[in-house]
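Heads up, start-v2.cif below (mmCIF, C-alpha atoms and all ligand atoms):
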data_work
loop_
_atom_site.label_atom_id
_atom_site.label_comp_id
_atom_site.auth_asym_id
_atom_site.auth_seq_id
_atom_site.Cartn_x
_atom_site.Cartn_y
_atom_site.Cartn_z
CA MET T 22 0.00 0.00 0.00
CA PHE T 23 2.73 2.41 1.06
CA ALA T 24 4.90 1.37 -1.89
CA ALA T 25 2.01 1.85 -4.32
CA ARG T 26 1.36 5.32 -2.93
CA GLN T 27 5.02 6.24 -3.29
CA VAL T 28 5.08 5.02 -6.89
CA SER T 29 1.93 6.83 -7.93
CA GLN T 30 3.11 10.08 -6.32
CA SER T 31 6.47 9.93 -8.03
CA VAL T 32 4.94 9.11 -11.44
CA PHE T 33 2.47 11.97 -11.08
CA GLY T 34 5.22 14.29 -9.89
CA ALA T 35 7.21 13.49 -13.01
CA VAL T 36 4.20 14.21 -15.22
CA GLN T 37 3.69 17.51 -13.45
CA ARG T 38 7.34 18.44 -13.76
CA ARG T 39 7.35 17.61 -17.46
CA ALA T 40 4.14 19.53 -18.13
CA PHE T 41 5.24 22.67 -16.28
CA SER T 42 8.96 22.71 -15.73
CA ALA T 43 8.91 26.19 -14.18
CA THR T 44 9.70 26.99 -10.62
CA ALA T 45 7.28 29.51 -9.24
CA SER T 46 8.87 32.91 -8.83
CA ASN T 47 6.34 35.70 -9.03
CA ALA T 48 3.10 33.93 -8.35
CA SER T 49 -0.21 35.09 -9.81
CA LYS T 50 -3.96 35.04 -9.37
CA VAL T 51 -5.69 33.41 -12.32
CA THR T 52 -9.49 33.55 -12.75
CA VAL T 53 -11.62 31.19 -14.84
CA LEU T 54 -15.14 32.35 -15.81
CA GLY T 55 -17.20 29.33 -16.87
CA ALA T 56 -15.09 27.08 -14.65
CA ALA T 57 -17.65 24.29 -14.23
CA GLY T 58 -18.04 23.63 -17.95
CA GLY T 59 -16.52 21.15 -20.36
CA ILE T 60 -13.45 23.34 -20.90
CA GLY T 61 -13.55 25.09 -17.54
CA GLN T 62 -13.04 21.98 -15.41
CA PRO T 63 -9.98 20.46 -17.12
CA LEU T 64 -8.57 23.96 -17.67
CA SER T 65 -8.86 24.66 -13.95
CA LEU T 66 -7.24 21.31 -13.22
CA LEU T 67 -4.25 22.13 -15.46
CA LEU T 68 -3.91 25.57 -13.89
CA LYS T 69 -3.88 23.97 -10.43
CA LEU T 70 -0.87 21.92 -11.57
CA ASN T 71 0.99 25.05 -12.69
CA PRO T 72 3.41 26.30 -10.02
CA ARG T 73 3.33 29.79 -11.53
CA VAL T 74 -0.27 30.15 -10.32
CA SER T 75 -0.60 31.15 -6.67
CA GLU T 76 -4.36 31.62 -6.54
CA LEU T 77 -7.02 30.07 -8.71
CA ALA T 78 -10.43 31.76 -8.65
CA LEU T 79 -13.33 29.87 -10.22
CA TYR T 80 -16.69 31.32 -11.27
CA ASP T 81 -19.68 29.87 -13.08
CA ILE T 82 -23.45 30.34 -13.02
CA LYS T 83 -23.57 26.89 -11.47
CA GLY T 84 -21.16 24.56 -9.75
CA ALA T 85 -17.96 26.56 -9.31
CA PRO T 86 -17.66 26.01 -5.51
CA GLY T 87 -17.90 22.23 -6.09
CA VAL T 88 -15.21 22.23 -8.77
CA ALA T 89 -13.04 24.40 -6.51
CA ALA T 90 -13.48 22.09 -3.50
CA ASP T 91 -12.49 19.09 -5.63
CA ILE T 92 -9.45 20.70 -7.24
CA SER T 93 -8.32 22.27 -3.95
CA HIS T 94 -7.37 18.82 -2.61
CA ILE T 95 -4.62 18.45 -5.21
CA ASN T 96 -1.25 18.69 -3.51
CA THR T 97 0.13 21.80 -5.15
CA LYS T 98 0.55 25.08 -3.28
CA SER T 99 -1.99 27.34 -4.95
CA ILE T 100 -5.11 28.41 -3.13
CA VAL T 101 -8.36 27.55 -4.94
CA LYS T 102 -11.65 29.30 -4.33
CA GLY T 103 -15.04 28.92 -6.02
CA TYR T 104 -17.50 31.81 -6.09
CA ASP T 105 -21.28 31.98 -6.04
CA PRO T 106 -23.15 33.33 -9.07
CA THR T 107 -23.89 36.75 -7.60
CA PRO T 108 -22.61 40.22 -8.56
CA GLU T 109 -20.46 40.17 -5.40
CA GLY T 110 -19.22 36.67 -6.29
CA VAL T 111 -18.00 37.56 -9.75
CA LYS T 112 -16.51 40.83 -8.48
CA GLU T 113 -14.52 39.11 -5.74
CA CYS T 114 -13.46 36.35 -8.12
CA LEU T 115 -12.04 38.93 -10.54
CA THR T 116 -10.47 41.39 -8.11
CA GLY T 117 -6.67 41.17 -8.19
CA ALA T 118 -6.59 38.77 -11.15
CA GLU T 119 -3.58 38.94 -13.43
CA ILE T 120 -5.13 36.59 -15.98
CA VAL T 121 -8.84 36.03 -16.68
CA LEU T 122 -9.76 33.10 -18.92
CA ILE T 123 -13.31 33.15 -20.35
CA PRO T 124 -14.68 29.80 -21.55
CA ALA T 125 -18.23 30.73 -20.42
CA GLY T 126 -20.88 30.15 -23.04
CA VAL T 127 -22.62 27.51 -25.08
CA PRO T 128 -20.81 25.10 -27.41
CA ARG T 129 -21.86 24.03 -30.92
CA LYS T 130 -24.00 21.07 -31.92
CA PRO T 131 -23.62 19.26 -35.27
CA GLY T 132 -24.82 21.43 -38.16
CA MET T 133 -24.06 24.71 -36.39
CA THR T 134 -21.34 27.22 -37.22
CA ARG T 135 -19.50 29.15 -34.51
CA ASP T 136 -21.39 32.22 -35.69
CA ASP T 137 -24.66 30.50 -34.71
CA LEU T 138 -23.48 30.94 -31.09
CA PHE T 139 -23.22 34.71 -31.53
CA ASN T 140 -26.47 35.79 -29.90
CA THR T 141 -26.15 33.64 -26.78
CA ASN T 142 -22.43 33.96 -26.22
CA GLY T 143 -22.25 37.63 -27.22
CA SER T 144 -24.43 38.57 -24.24
CA ILE T 145 -22.56 36.25 -21.86
CA VAL T 146 -19.15 37.60 -22.86
CA ARG T 147 -20.40 41.20 -22.83
CA ASP T 148 -21.66 40.87 -19.25
CA LEU T 149 -18.51 39.12 -18.01
CA ALA T 150 -16.36 41.72 -19.78
CA LYS T 151 -18.27 44.45 -17.93
CA ALA T 152 -17.55 42.75 -14.62
CA ALA T 153 -13.86 42.38 -15.53
CA ALA T 154 -13.56 45.99 -16.73
CA ASP T 155 -14.90 47.14 -13.35
CA ALA T 156 -13.02 44.70 -11.08
CA CYS T 157 -9.67 44.11 -12.83
CA PRO T 158 -9.22 46.59 -15.69
CA ASP T 159 -5.49 45.83 -15.92
CA ALA T 160 -5.77 42.04 -16.15
CA ASN T 161 -4.93 40.04 -19.27
CA ILE T 162 -8.28 38.91 -20.69
CA LEU T 163 -8.19 35.62 -22.60
CA VAL T 164 -11.38 35.03 -24.59
CA ILE T 165 -12.14 31.39 -25.44
CA SER T 166 -15.94 31.62 -25.96
CA ASN T 167 -17.02 31.44 -29.58
CA PRO T 168 -17.29 33.02 -32.02
CA VAL T 169 -13.86 34.36 -31.00
CA ASN T 170 -13.69 36.54 -34.14
CA SER T 171 -16.65 38.50 -32.71
CA THR T 172 -16.39 37.97 -28.92
CA VAL T 173 -12.95 39.64 -28.81
CA PRO T 174 -14.22 42.85 -30.48
CA ILE T 175 -17.26 42.72 -28.15
CA THR T 176 -14.92 42.60 -25.14
CA ALA T 177 -12.83 45.47 -26.51
CA GLU T 178 -15.91 47.67 -27.01
CA VAL T 179 -17.05 47.01 -23.42
CA PHE T 180 -13.62 48.01 -22.07
CA LYS T 181 -13.63 51.09 -24.33
CA SER T 182 -17.09 52.10 -23.08
CA LYS T 183 -15.70 52.09 -19.54
CA GLY T 184 -12.54 53.97 -20.55
CA VAL T 185 -10.18 51.15 -19.55
CA TYR T 186 -9.34 49.46 -22.87
CA ASN T 187 -5.73 48.36 -23.20
CA PRO T 188 -5.19 46.58 -26.54
CA LYS T 189 -2.06 44.93 -25.16
CA ARG T 190 -4.11 42.98 -22.63
CA LEU T 191 -6.86 41.42 -24.74
CA PHE T 192 -6.33 38.06 -26.43
CA GLY T 193 -8.51 35.69 -28.44
CA VAL T 194 -7.21 32.22 -27.70
CA THR T 195 -6.33 30.56 -31.03
CA THR T 196 -3.75 28.17 -29.58
CA LEU T 197 -5.88 25.12 -30.37
CA ASP T 198 -5.46 25.85 -34.09
CA VAL T 199 -1.67 25.79 -33.65
CA VAL T 200 -1.88 22.60 -31.60
CA ARG T 201 -4.00 20.91 -34.31
CA ALA T 202 -1.87 22.19 -37.20
CA SER T 203 1.23 20.83 -35.47
CA ARG T 204 -0.35 17.47 -34.61
CA PHE T 205 -1.83 16.94 -38.08
CA ILE T 206 1.45 17.66 -39.93
CA SER T 207 3.28 15.29 -37.60
CA GLN T 208 0.81 12.56 -38.57
CA LEU T 209 1.54 13.14 -42.27
CA LYS T 210 5.30 13.41 -41.86
CA SER T 211 5.82 10.89 -39.04
CA THR T 212 7.58 13.50 -36.91
CA ASP T 213 7.36 14.17 -33.18
CA PRO T 214 4.44 16.64 -32.77
CA ALA T 215 6.16 18.13 -29.74
CA ASN T 216 8.82 19.47 -32.12
CA GLU T 217 6.34 20.94 -34.59
CA ASN T 218 5.18 24.52 -34.23
CA ILE T 219 3.10 25.53 -37.24
CA THR T 220 2.18 29.20 -37.37
CA VAL T 221 -1.55 29.75 -37.82
CA ILE T 222 -2.79 33.24 -38.63
CA GLY T 223 -6.12 35.00 -39.20
CA GLY T 224 -9.01 34.18 -36.91
CA HIS T 225 -10.74 31.22 -35.28
CA SER T 226 -13.40 29.82 -37.59
CA GLY T 227 -13.37 27.92 -40.87
CA ALA T 228 -11.76 29.87 -43.69
CA THR T 229 -10.37 32.51 -41.33
CA ILE T 230 -7.94 29.89 -39.94
CA VAL T 231 -4.81 30.02 -42.13
CA PRO T 232 -1.94 27.60 -41.43
CA LEU T 233 1.43 28.63 -42.86
CA LEU T 234 3.15 25.33 -43.54
CA SER T 235 5.75 26.96 -45.78
CA GLN T 236 7.20 28.85 -42.81
CA ALA T 237 7.98 25.52 -41.15
CA GLY T 238 9.74 24.33 -44.31
CA TYR T 239 6.94 22.04 -45.52
CA SER T 240 5.38 22.03 -48.96
CA LEU T 241 2.42 19.75 -49.43
CA GLU T 242 0.85 19.60 -52.88
CA GLY T 243 -2.53 18.93 -54.45
CA ALA T 244 -5.13 16.88 -52.60
CA GLU T 245 -2.82 16.22 -49.65
CA ARG T 246 -2.35 19.97 -49.14
CA ASP T 247 -6.05 20.75 -49.54
CA GLU T 248 -7.02 17.99 -47.11
CA TYR T 249 -4.46 19.19 -44.54
CA VAL T 250 -5.70 22.79 -44.70
CA ARG T 251 -9.32 21.68 -44.58
CA ARG T 252 -8.60 19.55 -41.50
CA VAL T 253 -6.92 22.45 -39.67
CA GLN T 254 -9.71 24.85 -40.64
CA PHE T 255 -12.48 22.42 -39.69
CA GLY T 256 -10.80 20.45 -36.89
CA GLY T 257 -13.42 21.82 -34.51
CA ASP T 258 -16.20 20.30 -36.66
CA GLU T 259 -14.47 16.91 -36.50
CA VAL T 260 -14.86 16.95 -32.71
CA VAL T 261 -18.41 18.37 -32.80
CA GLN T 262 -19.47 15.53 -35.15
CA ALA T 263 -17.74 12.86 -33.06
CA LYS T 264 -19.40 14.10 -29.86
CA GLY T 265 -22.78 13.86 -31.60
CA GLY T 266 -24.56 16.73 -29.86
CA ALA T 267 -22.68 16.58 -26.55
CA GLY T 268 -20.60 19.67 -27.28
CA SER T 269 -17.29 20.57 -28.90
CA ALA T 270 -13.60 20.26 -28.09
CA THR T 271 -13.06 20.57 -24.35
CA LEU T 272 -9.98 18.55 -23.33
CA SER T 273 -7.69 19.66 -26.18
CA MET T 274 -8.98 23.21 -25.66
CA ALA T 275 -8.21 23.05 -21.96
CA MET T 276 -4.64 22.03 -22.81
CA ALA T 277 -4.38 24.85 -25.36
CA GLY T 278 -5.79 27.44 -22.92
CA ALA T 279 -3.46 26.30 -20.16
CA ARG T 280 -0.53 26.52 -22.58
CA PHE T 281 -1.41 30.08 -23.54
CA ALA T 282 -1.87 31.13 -19.90
CA GLU T 283 1.48 29.51 -19.07
CA SER T 284 3.14 31.51 -21.87
CA LEU T 285 1.68 34.76 -20.53
CA LEU T 286 2.81 33.93 -17.00
CA LYS T 287 6.32 33.07 -18.20
CA ALA T 288 6.51 36.39 -20.05
CA ALA T 289 5.07 38.31 -17.07
CA GLN T 290 7.63 36.68 -14.81
CA GLY T 291 10.52 37.89 -16.96
CA GLN T 292 11.15 35.21 -19.59
CA LYS T 293 12.17 36.72 -22.92
CA GLY T 294 11.22 35.55 -26.41
CA VAL T 295 7.86 33.98 -25.51
CA ILE T 296 5.89 33.92 -28.77
CA GLU T 297 2.41 32.53 -29.44
CA PRO T 298 -0.03 33.15 -32.27
CA THR T 299 -3.07 34.90 -30.80
CA PHE T 300 -5.97 37.05 -32.02
CA VAL T 301 -5.29 40.64 -30.96
CA ASP T 302 -5.97 44.26 -31.84
CA SER T 303 -3.47 44.37 -34.68
CA PRO T 304 -2.06 46.94 -37.10
CA LEU T 305 -1.24 44.33 -39.77
CA TYR T 306 -4.41 44.62 -41.90
CA LYS T 307 -6.03 47.76 -40.43
CA ASP T 308 -5.64 49.46 -43.81
CA GLN T 309 -8.06 46.81 -45.16
CA GLY T 310 -10.51 47.39 -42.29
CA VAL T 311 -9.49 44.23 -40.40
CA THR T 312 -8.82 45.53 -36.91
CA TYR T 313 -8.10 42.25 -35.11
CA PHE T 314 -5.87 39.53 -36.46
CA ALA T 315 -4.02 36.48 -35.17
CA SER T 316 -0.31 36.31 -35.94
CA GLN T 317 2.84 35.50 -34.00
CA VAL T 318 2.82 37.75 -30.95
CA GLU T 319 5.70 38.21 -28.56
CA LEU T 320 4.44 38.36 -24.99
CA GLY T 321 5.91 40.41 -22.16
CA PRO T 322 5.15 41.81 -18.71
CA ASN T 323 2.70 44.27 -20.29
CA GLY T 324 0.89 41.66 -22.36
CA VAL T 325 1.47 42.16 -26.09
CA GLU T 326 5.13 43.13 -26.52
CA LYS T 327 5.45 42.89 -30.30
CA ILE T 328 3.13 41.84 -33.12
CA HIS T 329 5.22 40.09 -35.74
CA PRO T 330 4.41 40.61 -39.41
CA VAL T 331 3.01 37.64 -41.28
CA GLY T 332 6.24 37.21 -43.24
CA LYS T 333 6.79 35.36 -46.50
CA VAL T 334 3.87 33.24 -47.72
CA THR T 335 3.33 31.16 -50.87
CA GLU T 336 0.85 32.14 -53.56
CA TYR T 337 -1.49 29.43 -52.30
CA GLU T 338 -1.27 30.73 -48.71
CA GLN T 339 -1.88 34.27 -49.97
CA GLY T 340 -5.10 32.99 -51.58
CA LEU T 341 -6.19 31.56 -48.21
CA LEU T 342 -5.30 34.84 -46.53
CA ASP T 343 -7.39 36.87 -48.98
CA VAL T 344 -10.49 34.77 -48.21
CA CYS T 345 -9.71 34.96 -44.49
CA LEU T 346 -9.53 38.76 -44.45
CA LYS T 347 -12.91 39.13 -46.12
CA ASP T 348 -14.68 36.82 -43.65
CA LEU T 349 -12.83 38.21 -40.66
CA LYS T 350 -13.79 41.80 -41.43
CA GLY T 351 -17.48 40.78 -41.39
CA ASN T 352 -17.16 38.84 -38.11
CA ILE T 353 -15.38 41.76 -36.38
CA GLU T 354 -17.83 44.37 -37.62
CA LYS T 355 -20.78 42.22 -36.58
CA GLY T 356 -19.44 42.01 -33.00
CA GLU T 357 -18.71 45.74 -32.80
CA LYS T 358 -22.07 46.76 -34.24
CA TRP T 359 -24.07 44.41 -32.03
CA VAL T 360 -22.39 45.42 -28.78
CA LYS T 361 -22.68 49.13 -29.51
CA GLU T 362 -26.43 48.64 -30.03
CA ASN T 363 -26.77 46.29 -27.07
CA MET T 364 -24.39 47.63 -24.45
CA GLY T 365 -27.13 47.68 -21.79
CA ASN T 366 -26.42 49.23 -18.41
N1 LIG T 401 -11.32 29.29 -28.69
C1 LIG T 401 -11.35 28.00 -28.97
O1 LIG T 401 -10.44 27.48 -29.61
C2 LIG T 401 -12.48 27.16 -28.50
C3 LIG T 401 -13.62 27.72 -27.98
N2 LIG T 401 -14.64 26.94 -27.52
C4 LIG T 401 -15.83 27.63 -26.99
O2 LIG T 401 -15.77 27.65 -25.56
C5 LIG T 401 -17.09 27.82 -25.04
C6 LIG T 401 -17.34 26.86 -23.89
O3 LIG T 401 -17.34 25.54 -24.33
P1 LIG T 401 -17.64 24.32 -23.30
O4 LIG T 401 -16.82 24.48 -22.09
O5 LIG T 401 -17.54 23.09 -24.09
O6 LIG T 401 -19.16 24.60 -22.94
P2 LIG T 401 -19.95 24.08 -21.65
O7 LIG T 401 -21.40 24.32 -21.89
O8 LIG T 401 -19.52 22.71 -21.29
O9 LIG T 401 -19.45 25.05 -20.48
C7 LIG T 401 -19.74 26.41 -20.48
C8 LIG T 401 -19.86 26.86 -19.05
O10 LIG T 401 -20.13 28.25 -19.04
C9 LIG T 401 -21.03 28.49 -17.98
N3 LIG T 401 -21.70 29.78 -18.17
C10 LIG T 401 -22.71 30.10 -19.00
N4 LIG T 401 -23.06 31.38 -18.84
C11 LIG T 401 -22.23 31.89 -17.91
C12 LIG T 401 -22.08 33.17 -17.30
N5 LIG T 401 -22.87 34.20 -17.64
N6 LIG T 401 -21.13 33.32 -16.37
C13 LIG T 401 -20.33 32.30 -16.01
N7 LIG T 401 -20.42 31.08 -16.54
C14 LIG T 401 -21.35 30.87 -17.47
C15 LIG T 401 -21.97 27.30 -18.00
O11 LIG T 401 -22.66 27.17 -16.75
C16 LIG T 401 -21.00 26.17 -18.27
O12 LIG T 401 -20.51 25.60 -17.08
C17 LIG T 401 -18.03 27.63 -26.23
O13 LIG T 401 -18.46 28.89 -26.68
C18 LIG T 401 -17.14 26.97 -27.27
O14 LIG T 401 -17.59 27.20 -28.58
C19 LIG T 401 -14.56 25.59 -27.54
C20 LIG T 401 -13.43 24.97 -28.01
C21 LIG T 401 -12.33 25.69 -28.58
O1 LIG T 402 -15.52 23.92 -33.06
C1 LIG T 402 -15.99 24.48 -32.06
O2 LIG T 402 -17.14 24.90 -32.00
C2 LIG T 402 -15.10 24.67 -30.88
C3 LIG T 402 -13.84 25.28 -31.34
O3 LIG T 402 -13.73 26.48 -31.48
C4 LIG T 402 -12.78 24.38 -31.77
O4 LIG T 402 -12.78 23.17 -31.46
O5 LIG T 402 -11.86 24.87 -32.44
#

As structure tokens - that is how I would like this structure written.
Ligand SMILES: NC(=O)C1=CN([C@@H]2O[C@H](COP(=O)(O)OP(=O)(O)OC[C@H]3O[C@@H](n4cnc5c(N)ncnc54)[C@H](O)[C@@H]3O)[C@@H](O)[C@H]2O)C=CC1
Ligand SMILES: O=C([O-])CC(=O)C(=O)O
Amino acid sequence: MFAARQVSQSVFGAVQRRAFSATASNASKVTVLGAAGGIGQPLSLLLKLNPRVSELALYDIKGAPGVAADISHINTKSIVKGYDPTPEGVKECLTGAEIVLIPAGVPRKPGMTRDDLFNTNGSIVRDLAKAAADACPDANILVISNPVNSTVPITAEVFKSKGVYNPKRLFGVTTLDVVRASRFISQLKSTDPANENITVIGGHSGATIVPLLSQAGYSLEGAERDEYVRRVQFGGDEVVQAKGGAGSATLSMAMAGARFAESLLKAAQGQKGVIEPTFVDSPLYKDQGVTYFASQVELGPNGVEKIHPVGKVTEYEQGLLDVCLKDLKGNIEKGEKWVKENMGN
């Protein structure tokens, strides 16, 4: 019994060390809004395993205290607290947060696009953004709820309306697209996916997701190329179909969200050269009316440190980018227009 306990602890310790090899220096409060959901629960679990997190604050319209009680028994140092769904609860949960992750909202069912979630999730994100703008205007806000191409502009407009918008601190989480693009190429090329890091630019839905294989030195041709791009662009649909009405990607998304939060924490705690593709307020295509765009972004203590240009792309990739920009512009404008007309109190 004792031996078994020792073994399981040491195996788990090794997994933890491999997953997050950091030693905690400047610890941080991280808040999850929507913490009892399909993404929220495993995301909160992964954050509890991260030694860079000193305090984990969990909020949901139902079930956050239960998730917090469960996770709080894990033998890592961070304090975990779940909050009741009241205005005071969300305020307390957000106060002092350095990072706020927002996976609150409804997921897709087969046959739906991410844009079909707009009406429901737009209001949810708007209201949570209001609470964050009041309670922690300087926090890094990481929007996961779909449609990201519209929920990020909605969040920005809320912060602007309260006079606290800082474009360096608002991120649409597109890490799952990078994770998929890297995994799928490794399957085609029989490489180690851990060593792949495919840049994905644009936005987070269908044709707005543009993988740049050429920048990783790959050149697929013909049907193989088209199938690869289609799989990256519609990887979310693959999961929605497989779950058959029970939701969309949750576990891979939790990993991707935890990875992005870890990158921000590393950068905040002084590590240089931390770069992740993410959907931000970006100058790259503003002249074409596209005000938010995902590209490689260097992170730092102030959030966005440097937005890298897209760089050299092939003619084929340029074609994908042209389609992306057209769709993206519409998604962004839809979010901005809706929230301006529906800001509420
Ligand atoms: N950015 C990305 O790459 C991805 C985004 N998503 C999106 O993430 C969102 C969440 O997905 P799941 O976790 O699977 O959904 P889910 O339904 O399992 O969980 C959502 C949670 O949000 C909570 N919630 C709803 N309204 C709330 C409010 N006003 N305040 C606080 N909590 C609230 C619900 O109670 C629920 O626990 C969806 O919009 C989905 O499309 C999903 C996968 C990838
Ligand atoms: O497909 C969805 O609805 C969820 C999502 O954003 C993804 O898995 O990339």

- Cut-off 8 Å, all atoms listed in the file, neighbours of ligand LIG 402 (chain T) as a list in words: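 Within the 8 Å cut-off, the matching residues are Pro128, Arg129, Lys130, Thr134, Arg135, Ile165, Ser166, Asn167, Pro168, Val169, Leu197, Asp198, His225, Ser226, Phe255, Gly256, Gly257, Asp258, Glu259, Val260, Val261, Gly268, Ser269, Ala270, Thr271 and Met274 of chain T.
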
Which residues come within 9 Å of Val53 in chain T, counting only C-alpha atoms, excluding same-chain residues fewer than 4 positions away, as an mmCIF file with C-alpha atoms, in the frame of the given file?
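As written to disk, around-v1.cif reads:
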data_model
loop_
_atom_site.group_PDB
_atom_site.id
_atom_site.type_symbol
_atom_site.label_atom_id
_atom_site.label_comp_id
_atom_site.auth_asym_id
_atom_site.auth_seq_id
_atom_site.Cartn_x
_atom_site.Cartn_y
_atom_site.Cartn_z
ATOM 1 C CA GLY T 61 -13.550 25.090 -17.540
ATOM 2 C CA LEU T 64 -8.570 23.960 -17.670
ATOM 3 C CA SER T 65 -8.860 24.660 -13.950
ATOM 4 C CA LEU T 77 -7.020 30.070 -8.710
ATOM 5 C CA ALA T 78 -10.430 31.760 -8.650
ATOM 6 C CA LEU T 79 -13.330 29.870 -10.220
ATOM 7 C CA TYR T 80 -16.690 31.320 -11.270
ATOM 8 C CA ASP T 81 -19.680 29.870 -13.080
ATOM 9 C CA CYS T 114 -13.460 36.350 -8.120
ATOM 10 C CA LEU T 115 -12.040 38.930 -10.540
ATOM 11 C CA ILE T 120 -5.130 36.590 -15.980
ATOM 12 C CA VAL T 121 -8.840 36.030 -16.680
ATOM 13 C CA LEU T 122 -9.760 33.100 -18.920
ATOM 14 C CA ILE T 123 -13.310 33.150 -20.350
ATOM 15 C CA PRO T 124 -14.680 29.800 -21.550
ATOM 16 C CA ALA T 125 -18.230 30.730 -20.420
#

- With all atoms listed in the file as the basis for distance, which of T:Ser182, T:Ser207, T:Thr107, T:Asn140 is at the shortest distance from Lys361 in chain T? T:Ser182

- Item | Contacts of range 352-359 of chain T at 6 Å (all atoms listed in the file; same-chain gap of 2+ positions) as a PyMOL selection string | chain T and resi 170-171+174-175+349-350+361-363

Produce a file of the selected residues containing C-alpha atoms, as a compact mmCIF listing (two decimals), in the frame of the given file.
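Dumped to selection.txt:
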# COMPACT_ATOMS: atom_id res chain seq x y z
CA ASN T 170 -13.69 36.54 -34.14
CA SER T 171 -16.65 38.50 -32.71
CA PRO T 174 -14.22 42.85 -30.48
CA ILE T 175 -17.26 42.72 -28.15
CA LEU T 349 -12.83 38.21 -40.66
CA LYS T 350 -13.79 41.80 -41.43
CA LYS T 361 -22.68 49.13 -29.51
CA GLU T 362 -26.43 48.64 -30.03
CA ASN T 363 -26.77 46.29 -27.07

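Using all atoms listed in the file, the smallest distance between any of T:Ile206, T:Leu54, T:Leu138, T:Ala288 and Ala152 in chain T comes from T:Leu54.
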
- Could you name the residues that touch Ser303 in chain T at 7 Å or less, counting only C-alpha atoms, but leaving out those on the same chain fewer than 6 positions away, as an MDAnalysis selection string? chainID T and resid 312:314

- Query: Within 10 Å of Ala154 in chain T, counting all atoms listed in the file, which residues qualify if same-chain residues fewer than 5 places away don't, as a ChimeraX atom specification?
  - Reply: /T:115,148-149,159-160,162,176-177,179-186

- Message: Nearest residue to Leu68 in chain T out of T:Leu209, T:Val334, T:Ile100, T:Val360, using all atoms listed in the file?
- Response: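 Using all atoms listed in the file, Leu68 in chain T sits closest to T:Ile100.
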
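Proximity to Gly87 in chain T was assessed for T:Val101, T:Met133, T:Met364, T:Leu234 counting all atoms listed in the file; the smallest distance is recorded for T:Val101.
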
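Nearest residue to Lys50 in chain T among T:Gln254, T:Gln62, T:Ser316, T:Thr116 is T:Thr116, counting only C-alpha atoms.
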
Within 7 Å of (7.1, 38.7, -13.3), in the coordinates the file gives, what residues turn up when you count only C-alpha atoms, written out as a short mmCIF file (atom, residue, chain, number, x, y, z; two decimals) with C-alpha atoms, in the coordinates of the input?
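That gives us point.cif:
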data_model
loop_
_atom_site.label_atom_id
_atom_site.label_comp_id
_atom_site.auth_asym_id
_atom_site.auth_seq_id
_atom_site.Cartn_x
_atom_site.Cartn_y
_atom_site.Cartn_z
CA ASN T 47 6.34 35.70 -9.03
CA ALA T 289 5.07 38.31 -17.07
CA GLN T 290 7.63 36.68 -14.81
CA GLY T 291 10.52 37.89 -16.96
CA PRO T 322 5.15 41.81 -18.71
#

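Distance annotation: of T:Arg251, T:Lys102, T:Arg246, T:Lys264, the residue with the minimal separation from ligand LIG 401 (chain T) is T:Lys264; atom set is only C-alpha atoms and all ligand atoms.
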
For Leu285 in chain T, please output as a PDB file with C-alpha atoms, in the coordinates of the input all residues within 9 Å (counting all atoms listed in the file; exclusion window: fewer than 6 positions along the same chain).
ATOM      1  CA  ILE T 120      -5.130  36.590 -15.980  1.00  0.00           C
ATOM      2  CA  ASN T 161      -4.930  40.040 -19.270  1.00  0.00           C
ATOM      3  CA  VAL T 295       7.860  33.980 -25.510  1.00  0.00           C
ATOM      4  CA  LEU T 320       4.440  38.360 -24.990  1.00  0.00           C
ATOM      5  CA  GLY T 321       5.910  40.410 -22.160  1.00  0.00           C
ATOM      6  CA  PRO T 322       5.150  41.810 -18.710  1.00  0.00           C
ATOM      7  CA  GLY T 324       0.890  41.660 -22.360  1.00  0.00           C
TER       8      GLY T 324
END

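Across the model, the gap from CA of Ser273 in chain T to CA of Ile296 in chain T is 19.9 Å.
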
- Query: What is the distance between CA of Ile145 in chain T and CA of Leu305 in chain T, in Å to one decimal?
  - Reply: 29.0 Å

- Task: Measure the distance from CA of Asn366 in chain T to CA of Glu109 in chain T in Å and round it to one decimal.
- Result: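 Interatomic distance here is 16.9 Å.
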